[in-house]
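What's in query-v2.cif: mmCIF, C-alpha atoms
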```cif
data_work
loop_
_atom_site.group_PDB
_atom_site.id
_atom_site.type_symbol
_atom_site.label_atom_id
_atom_site.label_comp_id
_atom_site.auth_asym_id
_atom_site.auth_seq_id
_atom_site.Cartn_x
_atom_site.Cartn_y
_atom_site.Cartn_z
ATOM 1 C CA MET A 82 -34.685 -49.891 13.257
ATOM 2 C CA ILE A 83 -31.609 -49.258 15.394
ATOM 3 C CA ALA A 84 -29.354 -46.249 14.848
ATOM 4 C CA LEU A 85 -25.772 -45.983 16.086
ATOM 5 C CA VAL A 86 -24.779 -42.503 17.218
ATOM 6 C CA PRO A 87 -21.758 -41.054 19.013
ATOM 7 C CA LEU A 88 -22.094 -41.741 22.718
ATOM 8 C CA ALA A 89 -21.056 -38.160 23.501
ATOM 9 C CA GLY A 90 -24.442 -37.003 22.185
ATOM 10 C CA VAL A 91 -26.419 -39.145 24.650
ATOM 11 C CA ASP A 92 -27.498 -38.062 28.130
ATOM 12 C CA PRO A 93 -24.781 -39.345 30.527
ATOM 13 C CA GLU A 94 -27.410 -40.146 33.174
ATOM 14 C CA ALA A 95 -29.203 -42.417 30.698
ATOM 15 C CA VAL A 96 -25.909 -44.199 29.999
ATOM 16 C CA GLU A 97 -25.236 -44.667 33.731
ATOM 17 C CA ALA A 98 -28.759 -46.037 34.234
ATOM 18 C CA LEU A 99 -28.223 -48.474 31.347
ATOM 19 C CA LEU A 100 -24.913 -49.631 32.844
ATOM 20 C CA ASP A 101 -26.597 -50.175 36.227
ATOM 21 C CA ARG A 102 -29.365 -52.239 34.601
ATOM 22 C CA ALA A 103 -26.905 -54.279 32.564
ATOM 23 C CA PHE A 104 -24.180 -54.863 35.174
ATOM 24 C CA GLY A 105 -25.655 -53.972 38.556
ATOM 25 C CA PRO A 106 -24.998 -51.014 40.833
ATOM 26 C CA ASP A 107 -21.800 -52.620 42.207
ATOM 27 C CA ARG A 108 -20.155 -52.469 38.764
ATOM 28 C CA ARG A 109 -17.873 -49.598 39.860
ATOM 29 C CA THR A 110 -15.993 -51.956 42.204
ATOM 30 C CA ARG A 111 -14.696 -54.058 39.319
ATOM 31 C CA THR A 112 -11.038 -54.058 38.351
ATOM 32 C CA ALA A 113 -11.833 -52.595 34.907
ATOM 33 C CA TYR A 114 -12.789 -49.318 36.607
ATOM 34 C CA ARG A 115 -9.334 -49.161 38.220
ATOM 35 C CA VAL A 116 -7.586 -49.884 34.928
ATOM 36 C CA ARG A 117 -9.210 -46.879 33.238
ATOM 37 C CA GLY A 118 -9.547 -44.690 36.331
ATOM 38 C CA GLY A 119 -9.280 -40.942 35.777
ATOM 39 C CA THR A 120 -9.600 -41.117 31.989
ATOM 40 C CA LEU A 121 -12.397 -40.080 29.661
ATOM 41 C CA PRO A 122 -13.852 -42.372 26.984
ATOM 42 C CA VAL A 123 -12.361 -42.148 23.500
ATOM 43 C CA PRO A 124 -15.185 -40.275 21.712
ATOM 44 C CA GLU A 125 -14.605 -41.631 18.210
ATOM 45 C CA LEU A 126 -14.790 -45.252 19.503
ATOM 46 C CA SER A 127 -17.764 -44.892 21.879
ATOM 47 C CA PHE A 128 -21.281 -45.364 20.516
ATOM 48 C CA ALA A 129 -24.911 -45.671 21.560
ATOM 49 C CA ALA A 130 -27.666 -47.755 19.983
ATOM 50 C CA LEU A 131 -31.011 -45.960 19.828
ATOM 51 C CA ASP A 132 -34.396 -47.192 18.676
ATOM 52 C CA SER A 133 -36.677 -45.183 16.386
ATOM 53 C CA GLU A 134 -38.083 -43.338 19.420
ATOM 54 C CA GLN A 135 -34.569 -42.353 20.585
ATOM 55 C CA ASN A 136 -34.595 -44.790 23.526
ATOM 56 C CA LEU A 137 -31.123 -45.949 24.606
ATOM 57 C CA LEU A 138 -30.830 -49.690 23.932
ATOM 58 C CA GLY A 139 -27.090 -50.183 24.209
ATOM 59 C CA ALA A 140 -23.716 -48.503 24.525
ATOM 60 C CA ILE A 141 -20.042 -49.207 24.035
ATOM 61 C CA GLN A 142 -17.258 -47.200 25.626
ATOM 62 C CA CYS A 143 -13.532 -47.346 24.901
ATOM 63 C CA TRP A 144 -10.815 -45.928 27.132
ATOM 64 C CA PRO A 145 -7.176 -44.814 26.769
ATOM 65 C CA VAL A 146 -4.986 -47.165 28.804
ATOM 66 C CA GLU A 147 -1.369 -48.221 28.687
ATOM 67 C CA LEU A 148 0.756 -51.190 29.552
ATOM 68 C CA GLN A 149 3.797 -50.244 31.603
ATOM 69 C CA CYS A 150 6.145 -53.034 30.561
ATOM 70 C CA ASP A 151 8.590 -54.217 33.199
ATOM 71 C CA GLY A 152 11.405 -53.367 30.777
ATOM 72 C CA GLY A 153 10.474 -49.675 30.906
ATOM 73 C CA ASP A 154 8.365 -49.199 27.772
ATOM 74 C CA ALA A 155 4.871 -47.707 28.040
ATOM 75 C CA VAL A 156 2.599 -49.029 25.306
ATOM 76 C CA PRO A 157 -0.684 -47.194 24.632
ATOM 77 C CA LEU A 158 -3.748 -49.383 24.174
ATOM 78 C CA VAL A 159 -7.494 -48.893 23.961
ATOM 79 C CA MET A 160 -9.610 -50.686 26.549
ATOM 80 C CA VAL A 161 -12.932 -51.830 25.090
ATOM 81 C CA GLY A 162 -15.925 -51.896 27.389
ATOM 82 C CA PRO A 163 -18.247 -51.866 28.887
ATOM 83 C CA VAL A 164 -20.473 -53.094 26.096
ATOM 84 C CA ALA A 165 -23.927 -52.769 27.636
ATOM 85 C CA VAL A 166 -27.333 -53.713 26.276
ATOM 86 C CA ASP A 167 -30.630 -53.149 28.037
ATOM 87 C CA PRO A 168 -31.474 -56.514 29.653
ATOM 88 C CA GLU A 169 -34.855 -56.576 27.900
ATOM 89 C CA ARG A 170 -33.119 -56.288 24.501
ATOM 90 C CA GLN A 171 -30.178 -58.668 25.008
ATOM 91 C CA GLN A 172 -29.589 -61.522 22.559
ATOM 92 C CA GLY A 173 -30.839 -59.372 19.686
ATOM 93 C CA GLY A 174 -27.481 -58.460 18.129
ATOM 94 C CA ILE A 175 -27.213 -54.933 19.564
ATOM 95 C CA GLY A 176 -23.935 -55.616 21.401
ATOM 96 C CA ARG A 177 -22.460 -57.289 18.352
ATOM 97 C CA THR A 178 -23.482 -54.340 16.153
ATOM 98 C CA LEU A 179 -21.828 -51.910 18.589
ATOM 99 C CA MET A 180 -18.618 -53.987 18.607
ATOM 100 C CA GLU A 181 -18.534 -54.239 14.820
ATOM 101 C CA ARG A 182 -18.917 -50.459 14.438
ATOM 102 C CA MET A 183 -16.206 -49.766 17.004
ATOM 103 C CA LEU A 184 -13.821 -52.224 15.312
ATOM 104 C CA GLU A 185 -14.506 -50.655 11.931
ATOM 105 C CA VAL A 186 -13.537 -47.231 13.262
ATOM 106 C CA ALA A 187 -10.616 -48.503 15.387
ATOM 107 C CA GLY A 188 -8.882 -50.074 12.407
ATOM 108 C CA ASP A 189 -5.505 -51.469 13.453
ATOM 109 C CA ALA A 190 -5.431 -49.850 16.909
ATOM 110 C CA PRO A 191 -4.187 -52.173 19.660
ATOM 111 C CA LEU A 192 -7.251 -53.117 21.710
ATOM 112 C CA MET A 193 -7.777 -54.996 24.952
ATOM 113 C CA LEU A 194 -10.733 -56.001 27.080
ATOM 114 C CA VAL A 195 -11.805 -58.199 29.944
ATOM 115 C CA GLY A 196 -14.487 -60.569 28.723
ATOM 116 C CA ASP A 197 -15.651 -64.001 27.652
ATOM 117 C CA PRO A 198 -12.819 -65.488 25.576
ATOM 118 C CA GLU A 199 -15.053 -67.889 23.674
ATOM 119 C CA TYR A 200 -17.310 -65.058 22.442
ATOM 120 C CA TYR A 201 -14.720 -62.337 21.821
ATOM 121 C CA ALA A 202 -12.263 -64.716 20.112
ATOM 122 C CA ARG A 203 -14.879 -66.308 17.880
ATOM 123 C CA PHE A 204 -16.560 -63.155 16.638
ATOM 124 C CA PHE A 205 -13.946 -60.437 17.001
ATOM 125 C CA GLY A 206 -10.464 -61.995 17.081
ATOM 126 C CA PHE A 207 -9.521 -61.165 20.683
ATOM 127 C CA THR A 208 -7.175 -63.660 22.379
ATOM 128 C CA ALA A 209 -5.101 -64.071 25.520
ATOM 129 C CA ASP A 210 -2.014 -65.003 23.458
ATOM 130 C CA ARG A 211 -0.032 -61.886 24.441
ATOM 131 C CA THR A 212 -1.582 -60.999 27.799
ATOM 132 C CA HIS A 213 -0.142 -63.795 29.963
ATOM 133 C CA GLY A 214 2.376 -61.468 31.640
ATOM 134 C CA TRP A 215 0.012 -58.537 32.201
ATOM 135 C CA ARG A 216 -0.995 -57.457 35.693
ATOM 136 C CA LEU A 217 -4.060 -55.426 36.634
ATOM 137 C CA PRO A 218 -4.692 -53.243 39.717
ATOM 138 C CA GLY A 219 -7.169 -55.702 41.204
ATOM 139 C CA PRO A 220 -8.455 -59.234 40.842
ATOM 140 C CA PHE A 221 -9.106 -60.691 37.387
ATOM 141 C CA GLU A 222 -9.238 -64.037 35.614
ATOM 142 C CA PRO A 223 -6.177 -64.224 33.321
ATOM 143 C CA ARG A 224 -8.084 -66.224 30.672
ATOM 144 C CA ARG A 225 -10.539 -63.291 30.358
ATOM 145 C CA LEU A 226 -7.797 -60.687 29.720
ATOM 146 C CA LEU A 227 -7.865 -60.429 25.935
ATOM 147 C CA ALA A 228 -6.212 -58.317 23.247
ATOM 148 C CA ARG A 229 -6.385 -57.747 19.505
ATOM 149 C CA GLY A 230 -4.006 -56.096 17.055
ATOM 150 C CA ASP A 231 -0.525 -56.492 15.649
ATOM 151 C CA CYS A 232 0.859 -53.772 17.955
ATOM 152 C CA VAL A 233 -0.258 -55.463 21.181
ATOM 153 C CA PRO A 234 2.871 -56.042 23.257
ATOM 154 C CA ASP A 235 3.917 -59.461 24.499
ATOM 155 C CA CYS A 236 5.657 -58.228 27.640
ATOM 156 C CA ALA A 237 5.090 -58.505 31.355
ATOM 157 C CA GLY A 238 3.775 -55.328 32.901
ATOM 158 C CA LEU A 239 1.060 -53.389 34.686
ATOM 159 C CA LEU A 240 -2.033 -52.199 32.834
ATOM 160 C CA GLY A 241 -3.495 -48.871 33.912
ATOM 161 C CA PRO A 242 -4.857 -45.509 32.786
ATOM 162 C CA ARG A 243 -2.869 -43.762 30.078
ATOM 163 C CA ALA A 244 -0.783 -41.214 31.967
ATOM 164 C CA ALA A 245 -1.202 -38.431 29.407
ATOM 165 C CA GLN A 246 -4.997 -38.877 29.537
ATOM 166 C CA ALA A 247 -5.524 -39.369 33.276
ATOM 167 C CA GLY A 248 -7.414 -36.579 34.980
#
```

Go through the file and emit its structure as structure tokens.
Amino acid sequence: MIALVPLAGVDPEAVEALLDRAFGPDRRTRTAYRVRGGTLPVPELSFAALDSEQNLLGAIQCWPVELQCDGGDAVPLVMVGPVAVDPERQQGGIGRTLMERMLEVAGDAPLMLVGDPEYYARFFGFTADRTHGWRLPGPFEPRRLLARGDCVPDCAGLLGPRAAQAG
């Protein structure tokens, strides 16, 4: 039996160890870390999956970011990810369960992520339809820059940490 709990109640060192196992110790060099740099995860959208013995099996974090449109508007978004599952427990539906819970709580919030378009479009409705003009502070594959929600802007601009949330 897997239980989903708020990520804020889980030992941060255990979460970091899970992220290292799932993505490798060089994960902090990825562009996604620059996009959300200096912000804290959105607590109500960040969850952990625990087994019956309280072992951490997976985690999802969401971050406050914004798109600074070239026309001057700043549009707040939520960056989804990482979605991490212990490598020994992958392919068992834990990541999907974490995503479904986060989407349930997020409601109509404008969301974005960097991920596999075939998977995130098929199961969760994320597309690259409105992200073609977005720029990130580092290298990325444009086809993997995905968004979901009616309030997602279709403008050219730079994606980065939400100014009001940056530390």

Q: Between A:Pro198, A:Gly152, A:Pro218, A:Pro168, single out the one closest to Pro234 of chain A, counting all atoms listed in the file.
A: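 Of A:Pro198, A:Gly152, A:Pro218, A:Pro168, the one nearest Pro234 of chain A, counting all atoms listed in the file, is A:Gly152.
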
Q: Choose the residue, out of A:Arg225, A:Arg182, A:Arg211, A:Arg216, that has the smallest atom-to-atom separation from Ala84 of chain A; count all atoms listed in the file.
A: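 With all atoms listed in the file as the atom set, the closest residue is A:Arg182.
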
Q: Using all atoms listed in the file, pick whichever of A:Asp92, A:Phe221, A:Asp210, A:Pro122 has the shortest atom-to-atom distance to Pro163 of chain A.
A: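 Of the candidates, the smallest distance to Pro163 of chain A is held by A:Pro122.
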
**Q.** Expected selection from the PyMOL selection byres ((chain A and resi 208) around 8), given as a VMD selection string
**A.** chain A and resid 198 201 to 202 206 to 207 209 to 211 226 to 229

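Using all atoms listed in the file, the nearest neighbour of Ala130 of chain A within the list A:Thr178, A:Gln171, A:Thr110, A:Thr212 is A:Thr178.
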
Q) Of the candidates A:Glu94, A:Asp101, A:Glu222, A:Asp167, which one gets nearest to Asp197 of chain A if we count all atoms listed in the file? A)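 Closest candidate: A:Glu222.
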
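Note that the spacing between atom CA of Leu194 of chain A and atom CA of Val159 of chain A amounts to 8.4 Å.
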
Q | Of the listed residues A:Phe205, A:Gly105, A:Gly139, A:Ser127, that which approaches Glu169 of chain A most closely, counting only C-alpha atoms | A |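 Result for the nearest residue to Glu169 of chain A: A:Gly139.
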
Q.
Can you spell out as a list in words the set of residues that the PyMOL selection byres ((chain A and resi 170) around 12) selects in the structure I just provided?
A. Ile83, Leu99, Arg102, Ala103, Ala130, Leu131, Asp132, Asn136, Leu137, Leu138, Gly139, Ala165, Val166, Asp167, Pro168, Glu169, Gln171, Gln172, Gly173, Gly174, Ile175 and Gly176 of chain A

(Q) For the provided coordinates, the residues matched by the PyMOL selection byres ((chain A and resi 183) around 10) should be stated as a ChimeraX atom specification. (A) /A:125-128,141-143,161,177-182,184-188

Take the residues from that selection and put them in a file with C-alpha atoms, as a short mmCIF file (atom, residue, chain, number, x, y, z; two decimals), in the frame of the given file.
```cif
data_model
loop_
_atom_site.label_atom_id
_atom_site.label_comp_id
_atom_site.auth_asym_id
_atom_site.auth_seq_id
_atom_site.Cartn_x
_atom_site.Cartn_y
_atom_site.Cartn_z
CA GLU A 125 -14.60 -41.63 18.21
CA LEU A 126 -14.79 -45.25 19.50
CA SER A 127 -17.76 -44.89 21.88
CA PHE A 128 -21.28 -45.36 20.52
CA ILE A 141 -20.04 -49.21 24.04
CA GLN A 142 -17.26 -47.20 25.63
CA CYS A 143 -13.53 -47.35 24.90
CA VAL A 161 -12.93 -51.83 25.09
CA ARG A 177 -22.46 -57.29 18.35
CA THR A 178 -23.48 -54.34 16.15
CA LEU A 179 -21.83 -51.91 18.59
CA MET A 180 -18.62 -53.99 18.61
CA GLU A 181 -18.53 -54.24 14.82
CA ARG A 182 -18.92 -50.46 14.44
CA LEU A 184 -13.82 -52.22 15.31
CA GLU A 185 -14.51 -50.66 11.93
CA VAL A 186 -13.54 -47.23 13.26
CA ALA A 187 -10.62 -48.50 15.39
CA GLY A 188 -8.88 -50.07 12.41
#
```
